[in-house]
Amino acid sequence: MASLHEKGRGVSRKDLLKAGGALALVAVGVPGCDLLSTDPGSDRSGAGRGARGMEAPDLAKKVKDGTLPAVKKRLPEKPVVVQPVDRTGQYGGEWHTVLQGSADSSWANRILCYDYLLRWDAEWKQMLPNLAERFEANAEGTEYTFVLRAGIKWSNGEPFTADDIVFAQNDVLNNTDLWPVAPWPAQAEKIDDLTVRITLAEPDGLFLQRQCTALGRYLIAHPQHYVKQFHVDHHPEAAAMAEADGLEDWMALYTAKVDPLLNVDLPVLSAWKFSRPADGGTRAVAERNPYYWKVDTDGRQLPYIDRVVFEVISDVQVMVTKAVAGDFDMHCRHFNTLTNKPVLARGRARGDYDFFDLRSGSMNHTLIQLNLTHKNPMLRKIFQNKAFRIGLSHAINRQEIIDTAFQKQGEPWQTAPRPESELFDEEMAKQYIDYDVDLAEQHLDEAGYADRDANGRRLGPDGKPITFSLEFSGELRPEWADTAQLLATYWKAVGITVTAQSRNRALWTERVEANEHDAVIWQGDQGAFNARATILEPFYFFPQNTGSRYAIRWAEWYATGGELGEEPPEPNKRQMELYDQILATTDQDQQVALIKEILAIAKEAFQVIGVGLEASGYGIVKSTFHNVPAEMIDTYTIQTPGQTHAEQYFIQA
C-alpha cells in the first residue's frame with residue numbers, strides 16, 4: 001500500500017518517445033560489447049566454455065532426475081545476454097552478505113529485485129529492454145505498449161504473460177483498498193499473450209523511466225496465477241483466510257503474500273528467491289531461480305552463484321568486525337562509512353578483501369530540513385523566515401564538520417545538483433556557505449529575532465527563547481552524531497538553542513511522516529547525479545512527496561490534488577505547476593528546461609540547508625568473488641549494485 005501518492009516519481013524522457021505521428025516503435029538495440037545485449041556474443045577471455053555445462057550442476061541433476069524441465073525449456077526464446085564484467089564464470093558457491101535487521105528491505109531488493117520491464121545501463125545513460133523485449137509509446141505520452149520476451153517463466157515454471165501485468169494494473173494498483181491513491185491512474189489491456197497496452201488517465205512523460213526504477217516492480221510483482229487466491233474480488237474466501245492467519249483484513253493478507261522477502265511461496269522473476277525469509281531470525285537465504293531468463297555470452301544460464309546468504313545484524317560495529325574477519329564476500333551498504341574505512345583498510349589482508357569505488361549519486365551528506373509546516377505556529381513562522389534560514393546557514397562551520405565528522409572528504413555544499421550534472425549551478429551550490437558569525441547574527445536580526453533574554457537566547461514571536469530539536473538516525477550514518485552536536489554548538493553561539501536527538505530509523509520515519517518533527521538531518525541521496533535523476537526525484541527542491549521532509553503538509557497537498565495537506569506558498573505552487581508540465585510532455589529538452597525553472601525557484605527560496613558534497617564511497621569484495629566492477633554509480637534509483645548484473649558475479653578461489 002502507498003503511504004503517499006508517488007506523483008512525479010519518474011526520470012527524464014530521453015529521445016525514446018518520438019514527437020509527432022502515431023505509435024513509434026522503441027526497441028533499444030545494444031551492441032554486443034555492451035554490458036547488456038540481446039544477442040549472444042563471445043566473451044572476452046574465452047574462459048569457461050563447454051566443460052562447465054549450460055546450467056548449474058544442481059539444476060542439471062534435477063533435470064536428469066526428471067524433477068525439472070531441460071534448460072532450453074526453462075529459458076525464453078530470446079534470453080537476455082549479459083556481457084560479464086571480466087570473464088564468464090563458474091557455477092556454485094554462496095554469496096555471504098548482511099542485512100541491517102530483518103526490516104532491511106533496501107539491500108535485499110538491490111540484490112534480488114532489480115529486474116523490471118526496462119532497466120538503466122550501468123552508466124545511467126540509456127534505457128534498455130529487459131523483461132520487455134520491446135516497447136512503444138504514443139507521442140502524447142498517454143499510451144504505452146510492452147511486448148514481453150516469449151517464454152519467460154516465473155520461478156515455479158508458470159509463464160509470465162500479459163495477464164500478469166493486466167492483473168497488477170487493473171486489480172491491484174487500481175484497487176483503492178490496496179492502493180488508496182494509485183502510483184499512476186491507468187488501465188491495462190491485453191493485446192495478446194505477450195503484449196499489453198497501458199493507457200494513462202493523463203499524460204505522463206516519465207512513465208517509461210519509472211519502469212527502470214524500483215517503481216517498475218509494481219507491474220511485475222503480482223503472479224496472477226498465485227496471488228488471485230488472496231484477492232477478495234477473485235476469491236471471496238480471502239477475508240476468511242486473513243482472519244485465520246490473524247490478519248486484520250484481506251488487504252493485509254494480500255500485502256503479506258506479495259512480499260518476496262517474507263513469503264517463500266511467492267513466485268518471482270529474480271535471479272534468486274528467498275527460501276528462508278528475513279522474518280526476525282539471524283539468517284536469511286535466497287536460492288537460485290531455476291527459471292531465470294538471462295544467460296552469459298556462452299549461452300549458459302545465470303546466475304552463477306547458488307545462493308545468497310544474508311546474516312541479519314543490527315549493530316554496524318558488529319558488521320565491521322565480521323567484515324574484517326572475512327565473513328562477507330561483497331557488500332556496499334551500512335558499514336562502508338568514512339569513519340570505518342581506516343579499520344576496514346587495515347583489515348584487508350586478514351579478511352582477504354579489497355575496496356571497489358562507489359561514485360556517489362548523492363549531492364549532500366547532510367541536509368538540514370526545518371519543518372516549514374510545523375504544527376506549532378510559532379516554530380512554523382520562524383522556520384518559514386528565509387532570513388532565519390540564511391542566518392543558520394552562515395553560522396555553520398562546514399569545513400570543521402567535514403574535517404571532524406567526514407574524514408576531510410567532500411566540500412561545503414548547499415542543496416544543489418552535483419558538479420557532474422548537466423544542471424550544475426555553482427552559485428546555487430555555494431550560496432550562504434561562508435562561515436561568518438557576524439553575518440549570521442545580522443541575518444537573524446533582520447529576521448526579526450534580535451531580542452534576547454538574560455542568557456543570550458534569541459526570542460521568538462511569542463517572546464520565548466527559540467528552541468527546537470534536531471533529529472537524526474545515527475544507525476544510518478554515525479557521522480551525524482558529531483555533526484548534530486557541532487550544529488547545536490554553532491547555533492547556540494548565535495542565540496538559537498537546539499537539542500540534538502538521535503532516533504532509530506523506524507521511529508524517525510514515523511515521526512517525520514506524521515509531521516511531528518521540528519528539524520531533521522538526512523542525506524541528499526536522490527535527484528542530483530544528472531538531469532535524469534533530478535527530473536525523476538526532485539523532492540529536495542520542491543515539496544513533492546514524503547521525501548520532502550521540510551514541508552510534508554505541502555507535499556501532501558500536491559500529491560492529493562489539494563484534497564489533503566495544506567496549500568503551499570506561491571513559489572512552491574509554481575514549482576508544482578512546472579512539474580505537472582514535465583509530466584505532460586514527452587520532449588526531453590522541454591523537460592530539462594522546466595526542471596531548470598524549478599531549480600531556479602528552489603535556489604531563490606532556499607528552503608533546505610546543505611552542509612557538504614558527498615564524496616565518493618567504497619564497497620568491499622573478496623579476492624575470490626569476481627565480476628564486480630572496479631567502480632559503480634551508487635544510488636538507490638538504479639538499485640546499486642543491481643545495475644552491474646549481480647547474476648554474473650561468481651566465486652572462484
# chains A, B, ... in the order shown; residues from 1 in each chain; ligands from 1
call {"tool": "closest_atom_pairs", "arguments": {"of": "region 127-196 of chain A", "to": "region 268-291 of chain A", "cutoff": "9 Å", "atoms": "only C-alpha atoms", "output": "Markdown table"}}
result
| residue | atom | partner | partner_atom | distance |
| --- | --- | --- | --- | --- |
| A:Ile152 | CA | A:Tyr291 | CA | 7.8 |
| A:Lys153 | CA | A:Tyr291 | CA | 6.1 |
| A:Trp154 | CA | A:Leu269 | CA | 5.3 |
| A:Ser155 | CA | A:Val268 | CA | 5.3 |
| A:Asn156 | CA | A:Tyr291 | CA | 7.6 |
| A:Gly157 | CA | A:Tyr291 | CA | 6.5 |
| A:Phe160 | CA | A:Leu269 | CA | 8.6 |
call {"tool": "select_by_dssp", "arguments": {"residues": "region 475-567 of chain A", "states": "strand (DSSP E or B)", "output": "CSV table (one decimal) with C-alpha atoms, in the first residue's frame"}}
result
chain,number,residue,atom,x,y,z
A,497,THR,CA,19.0,26.6,21.3
A,498,VAL,CA,19.0,23.3,19.6
A,499,THR,CA,18.8,19.8,21.1
A,500,ALA,CA,20.5,17.0,19.0
A,501,GLN,CA,18.3,13.9,19.2
A,502,SER,CA,19.3,10.5,17.8
A,519,ALA,CA,14.0,19.7,12.2
A,520,VAL,CA,15.8,16.7,10.8
A,521,ILE,CA,19.1,15.6,9.2
A,522,TRP,CA,19.1,13.4,6.2
A,523,GLN,CA,21.4,12.8,3.3
A,524,GLY,CA,20.8,14.4,-0.2
call {"tool": "select_by_dssp", "arguments": {"residues": "region 124-262 of chain A", "states": "helix (DSSP H, G or I)", "output": "PyMOL selection string"}}
result
chain A and resi 162-173+207-210+214-220+224-230+238-244+250-257
call {"tool": "write_last_selection", "arguments": {"atoms": "N, CA and C atoms", "output": "short mmCIF file (atom, residue, chain, number, x, y, z; two decimals), in the first residue's frame"}}
result
data_model
loop_
_atom_site.label_atom_id
_atom_site.label_comp_id
_atom_site.auth_asym_id
_atom_site.auth_seq_id
_atom_site.Cartn_x
_atom_site.Cartn_y
_atom_site.Cartn_z
N ALA A 162 1.12 -11.30 -20.46
CA ALA A 162 0.40 -10.04 -20.36
C ALA A 162 -0.66 -10.08 -19.27
N ASP A 163 -1.19 -11.27 -18.99
CA ASP A 163 -2.21 -11.39 -17.94
C ASP A 163 -1.69 -10.93 -16.59
N ASP A 164 -0.41 -11.16 -16.33
CA ASP A 164 0.17 -10.76 -15.05
C ASP A 164 0.20 -9.25 -14.91
N ILE A 165 0.53 -8.57 -16.00
CA ILE A 165 0.61 -7.10 -15.95
C ILE A 165 -0.79 -6.50 -15.90
N VAL A 166 -1.72 -7.07 -16.64
CA VAL A 166 -3.10 -6.59 -16.59
C VAL A 166 -3.65 -6.73 -15.18
N PHE A 167 -3.39 -7.85 -14.56
CA PHE A 167 -3.85 -8.06 -13.19
C PHE A 167 -3.20 -7.05 -12.24
N ALA A 168 -1.89 -6.85 -12.38
CA ALA A 168 -1.18 -5.92 -11.50
C ALA A 168 -1.76 -4.51 -11.60
N GLN A 169 -2.01 -4.08 -12.83
CA GLN A 169 -2.52 -2.72 -13.00
C GLN A 169 -3.99 -2.59 -12.61
N ASN A 170 -4.82 -3.43 -13.18
CA ASN A 170 -6.27 -3.26 -13.02
C ASN A 170 -6.81 -3.77 -11.70
N ASP A 171 -6.23 -4.83 -11.18
CA ASP A 171 -6.78 -5.44 -9.97
C ASP A 171 -6.03 -5.06 -8.69
N VAL A 172 -4.81 -4.59 -8.85
CA VAL A 172 -4.02 -4.24 -7.67
C VAL A 172 -3.83 -2.73 -7.57
N LEU A 173 -3.13 -2.15 -8.54
CA LEU A 173 -2.85 -0.71 -8.46
C LEU A 173 -4.12 0.13 -8.54
N PHE A 207 6.73 7.91 -17.67
CA PHE A 207 6.25 6.57 -17.35
C PHE A 207 7.26 5.49 -17.68
N LEU A 208 7.89 5.57 -18.85
CA LEU A 208 8.87 4.54 -19.20
C LEU A 208 10.04 4.54 -18.23
N GLN A 209 10.50 5.74 -17.85
CA GLN A 209 11.63 5.81 -16.93
C GLN A 209 11.30 5.23 -15.56
N ARG A 210 10.05 5.35 -15.16
CA ARG A 210 9.64 4.75 -13.88
C ARG A 210 9.83 3.23 -13.90
N ALA A 214 12.77 1.25 -8.97
CA ALA A 214 12.04 0.36 -8.05
C ALA A 214 10.54 0.45 -8.27
N LEU A 215 10.06 1.56 -8.84
CA LEU A 215 8.63 1.67 -9.15
C LEU A 215 8.22 0.64 -10.20
N GLY A 216 9.18 0.20 -11.01
CA GLY A 216 8.87 -0.80 -12.03
C GLY A 216 8.39 -2.11 -11.45
N ARG A 217 8.67 -2.34 -10.20
CA ARG A 217 8.23 -3.58 -9.55
C ARG A 217 6.72 -3.69 -9.48
N TYR A 218 6.04 -2.54 -9.44
CA TYR A 218 4.58 -2.58 -9.29
C TYR A 218 3.91 -3.42 -10.37
N LEU A 219 4.46 -3.42 -11.58
CA LEU A 219 3.81 -4.12 -12.69
C LEU A 219 4.25 -5.57 -12.85
N ILE A 220 5.35 -5.97 -12.21
CA ILE A 220 5.89 -7.31 -12.48
C ILE A 220 5.99 -8.17 -11.23
N GLN A 224 -0.36 -13.55 -11.23
CA GLN A 224 -1.81 -13.66 -11.02
C GLN A 224 -2.27 -15.10 -10.77
N HIS A 225 -1.57 -16.08 -11.34
CA HIS A 225 -1.97 -17.47 -11.11
C HIS A 225 -1.85 -17.87 -9.64
N TYR A 226 -0.99 -17.16 -8.89
CA TYR A 226 -0.78 -17.47 -7.48
C TYR A 226 -1.51 -16.50 -6.55
N VAL A 227 -1.44 -15.20 -6.84
CA VAL A 227 -1.94 -14.21 -5.87
C VAL A 227 -3.45 -13.97 -5.95
N LYS A 228 -4.10 -14.46 -6.99
CA LYS A 228 -5.55 -14.27 -7.07
C LYS A 228 -6.28 -14.87 -5.87
N GLN A 229 -5.72 -15.92 -5.31
CA GLN A 229 -6.39 -16.59 -4.18
C GLN A 229 -6.44 -15.70 -2.94
N PHE A 230 -5.63 -14.63 -2.92
CA PHE A 230 -5.61 -13.73 -1.76
C PHE A 230 -6.34 -12.43 -2.04
N ALA A 238 -10.95 -14.93 0.69
CA ALA A 238 -9.71 -14.28 1.10
C ALA A 238 -9.85 -13.61 2.46
N ALA A 239 -11.04 -13.05 2.74
CA ALA A 239 -11.26 -12.39 4.03
C ALA A 239 -11.17 -13.41 5.17
N ALA A 240 -11.75 -14.58 4.96
CA ALA A 240 -11.69 -15.63 5.98
C ALA A 240 -10.26 -16.15 6.13
N MET A 241 -9.52 -16.21 5.03
CA MET A 241 -8.12 -16.64 5.08
C MET A 241 -7.30 -15.65 5.92
N ALA A 242 -7.60 -14.37 5.74
CA ALA A 242 -6.88 -13.35 6.52
C ALA A 242 -7.16 -13.52 8.01
N GLU A 243 -8.42 -13.73 8.34
CA GLU A 243 -8.79 -13.91 9.74
C GLU A 243 -8.11 -15.14 10.33
N ALA A 244 -8.05 -16.20 9.55
CA ALA A 244 -7.41 -17.43 10.03
C ALA A 244 -5.92 -17.23 10.27
N TRP A 250 -8.37 -8.70 4.29
CA TRP A 250 -7.81 -9.35 3.12
C TRP A 250 -6.68 -8.52 2.51
N MET A 251 -6.74 -7.18 2.69
CA MET A 251 -5.68 -6.33 2.15
C MET A 251 -4.36 -6.63 2.84
N ALA A 252 -4.41 -6.82 4.16
CA ALA A 252 -3.20 -7.16 4.90
C ALA A 252 -2.65 -8.52 4.45
N LEU A 253 -3.57 -9.44 4.19
CA LEU A 253 -3.17 -10.76 3.71
C LEU A 253 -2.48 -10.64 2.35
N TYR A 254 -3.10 -9.89 1.45
CA TYR A 254 -2.54 -9.77 0.10
C TYR A 254 -1.16 -9.12 0.16
N THR A 255 -1.05 -8.04 0.95
CA THR A 255 0.23 -7.34 1.06
C THR A 255 1.32 -8.26 1.57
N ALA A 256 0.98 -9.10 2.55
CA ALA A 256 1.97 -10.03 3.09
C ALA A 256 2.36 -11.09 2.07
N LYS A 257 1.40 -11.55 1.29
CA LYS A 257 1.67 -12.64 0.36
C LYS A 257 2.48 -12.20 -0.85
#
call {"tool": "residues_around", "arguments": {"residues": "Tyr540 (chain A)", "least_positions_apart": "5", "cutoff": "10 Å", "atoms": "only C-alpha atoms", "output": "list in words"}}
result
Leu367, Gln369, Thr415, Ala416, Gly524, Asp525, Gln526, Gly527, Ala528, Thr534, Asn545, Gly547, Ser548, Arg549, Tyr550, Ala551, Leu599, Ala602, Gln607 and Val608 of chain A
call {"tool": "closest_residue", "arguments": {"among": "A:Glu597, A:Glu77, A:Glu570, A:Glu475", "to": "Glu133 (chain A)", "atoms": "only C-alpha atoms"}}
result
A:Glu77
call {"tool": "closest_residue", "arguments": {"among": "A:Pro203, A:Gly495, A:Pro543, A:Pro223", "to": "Leu392 (chain A)", "atoms": "only C-alpha atoms"}}
result
A:Gly495
call {"tool": "residues_around", "arguments": {"residues": "region 507-515 of chain A", "least_positions_apart": "6", "cutoff": "9 Å", "atoms": "only C-alpha atoms", "output": "list in words"}}
result
Ser3, Asn371, Thr373, His374, Lys375, Glu471, Phe472, Ser473, Thr546, Arg549, Ala551, Ile552 and Arg553 of chain A
call {"tool": "write_last_selection", "arguments": {"atoms": "C-alpha atoms", "output": "compact mmCIF listing (two decimals), in the first residue's frame"}}
result
# COMPACT_ATOMS: atom_id res chain seq x y z
CA SER A 3 1.85 5.87 2.17
CA ASN A 371 9.76 21.75 9.29
CA THR A 373 4.68 23.07 8.00
CA HIS A 374 5.18 22.56 11.74
CA LYS A 375 2.10 22.03 13.90
CA GLU A 471 16.59 14.67 14.89
CA PHE A 472 18.83 12.22 13.05
CA SER A 473 19.26 8.48 12.60
CA THR A 546 7.32 12.17 1.75
CA ARG A 549 10.64 16.35 4.93
CA ALA A 551 7.24 20.52 4.02
CA ILE A 552 5.28 17.30 4.49
CA ARG A 553 1.89 19.03 4.55
call {"tool": "atom_distance", "arguments": {"atom1": "CA of Ala600 (chain A)", "atom2": "CA of Ile368 (chain A)"}}
result
19.5 Å
call {"tool": "atom_distance", "arguments": {"atom1": "CA of Tyr558 (chain A)", "atom2": "CA of Gly361 (chain A)"}}
result
26.1 Å
call {"tool": "closest_residue", "arguments": {"among": "A:Gly141, A:Pro267, A:Gly53, A:Gly474", "to": "His222 (chain A)", "atoms": "only C-alpha atoms"}}
result
A:Pro267
call {"tool": "closest_residue", "arguments": {"among": "A:Thr145, A:Gln648, A:Thr366, A:Thr161", "to": "Gln90 (chain A)", "atoms": "only C-alpha atoms"}}
result
A:Gln648
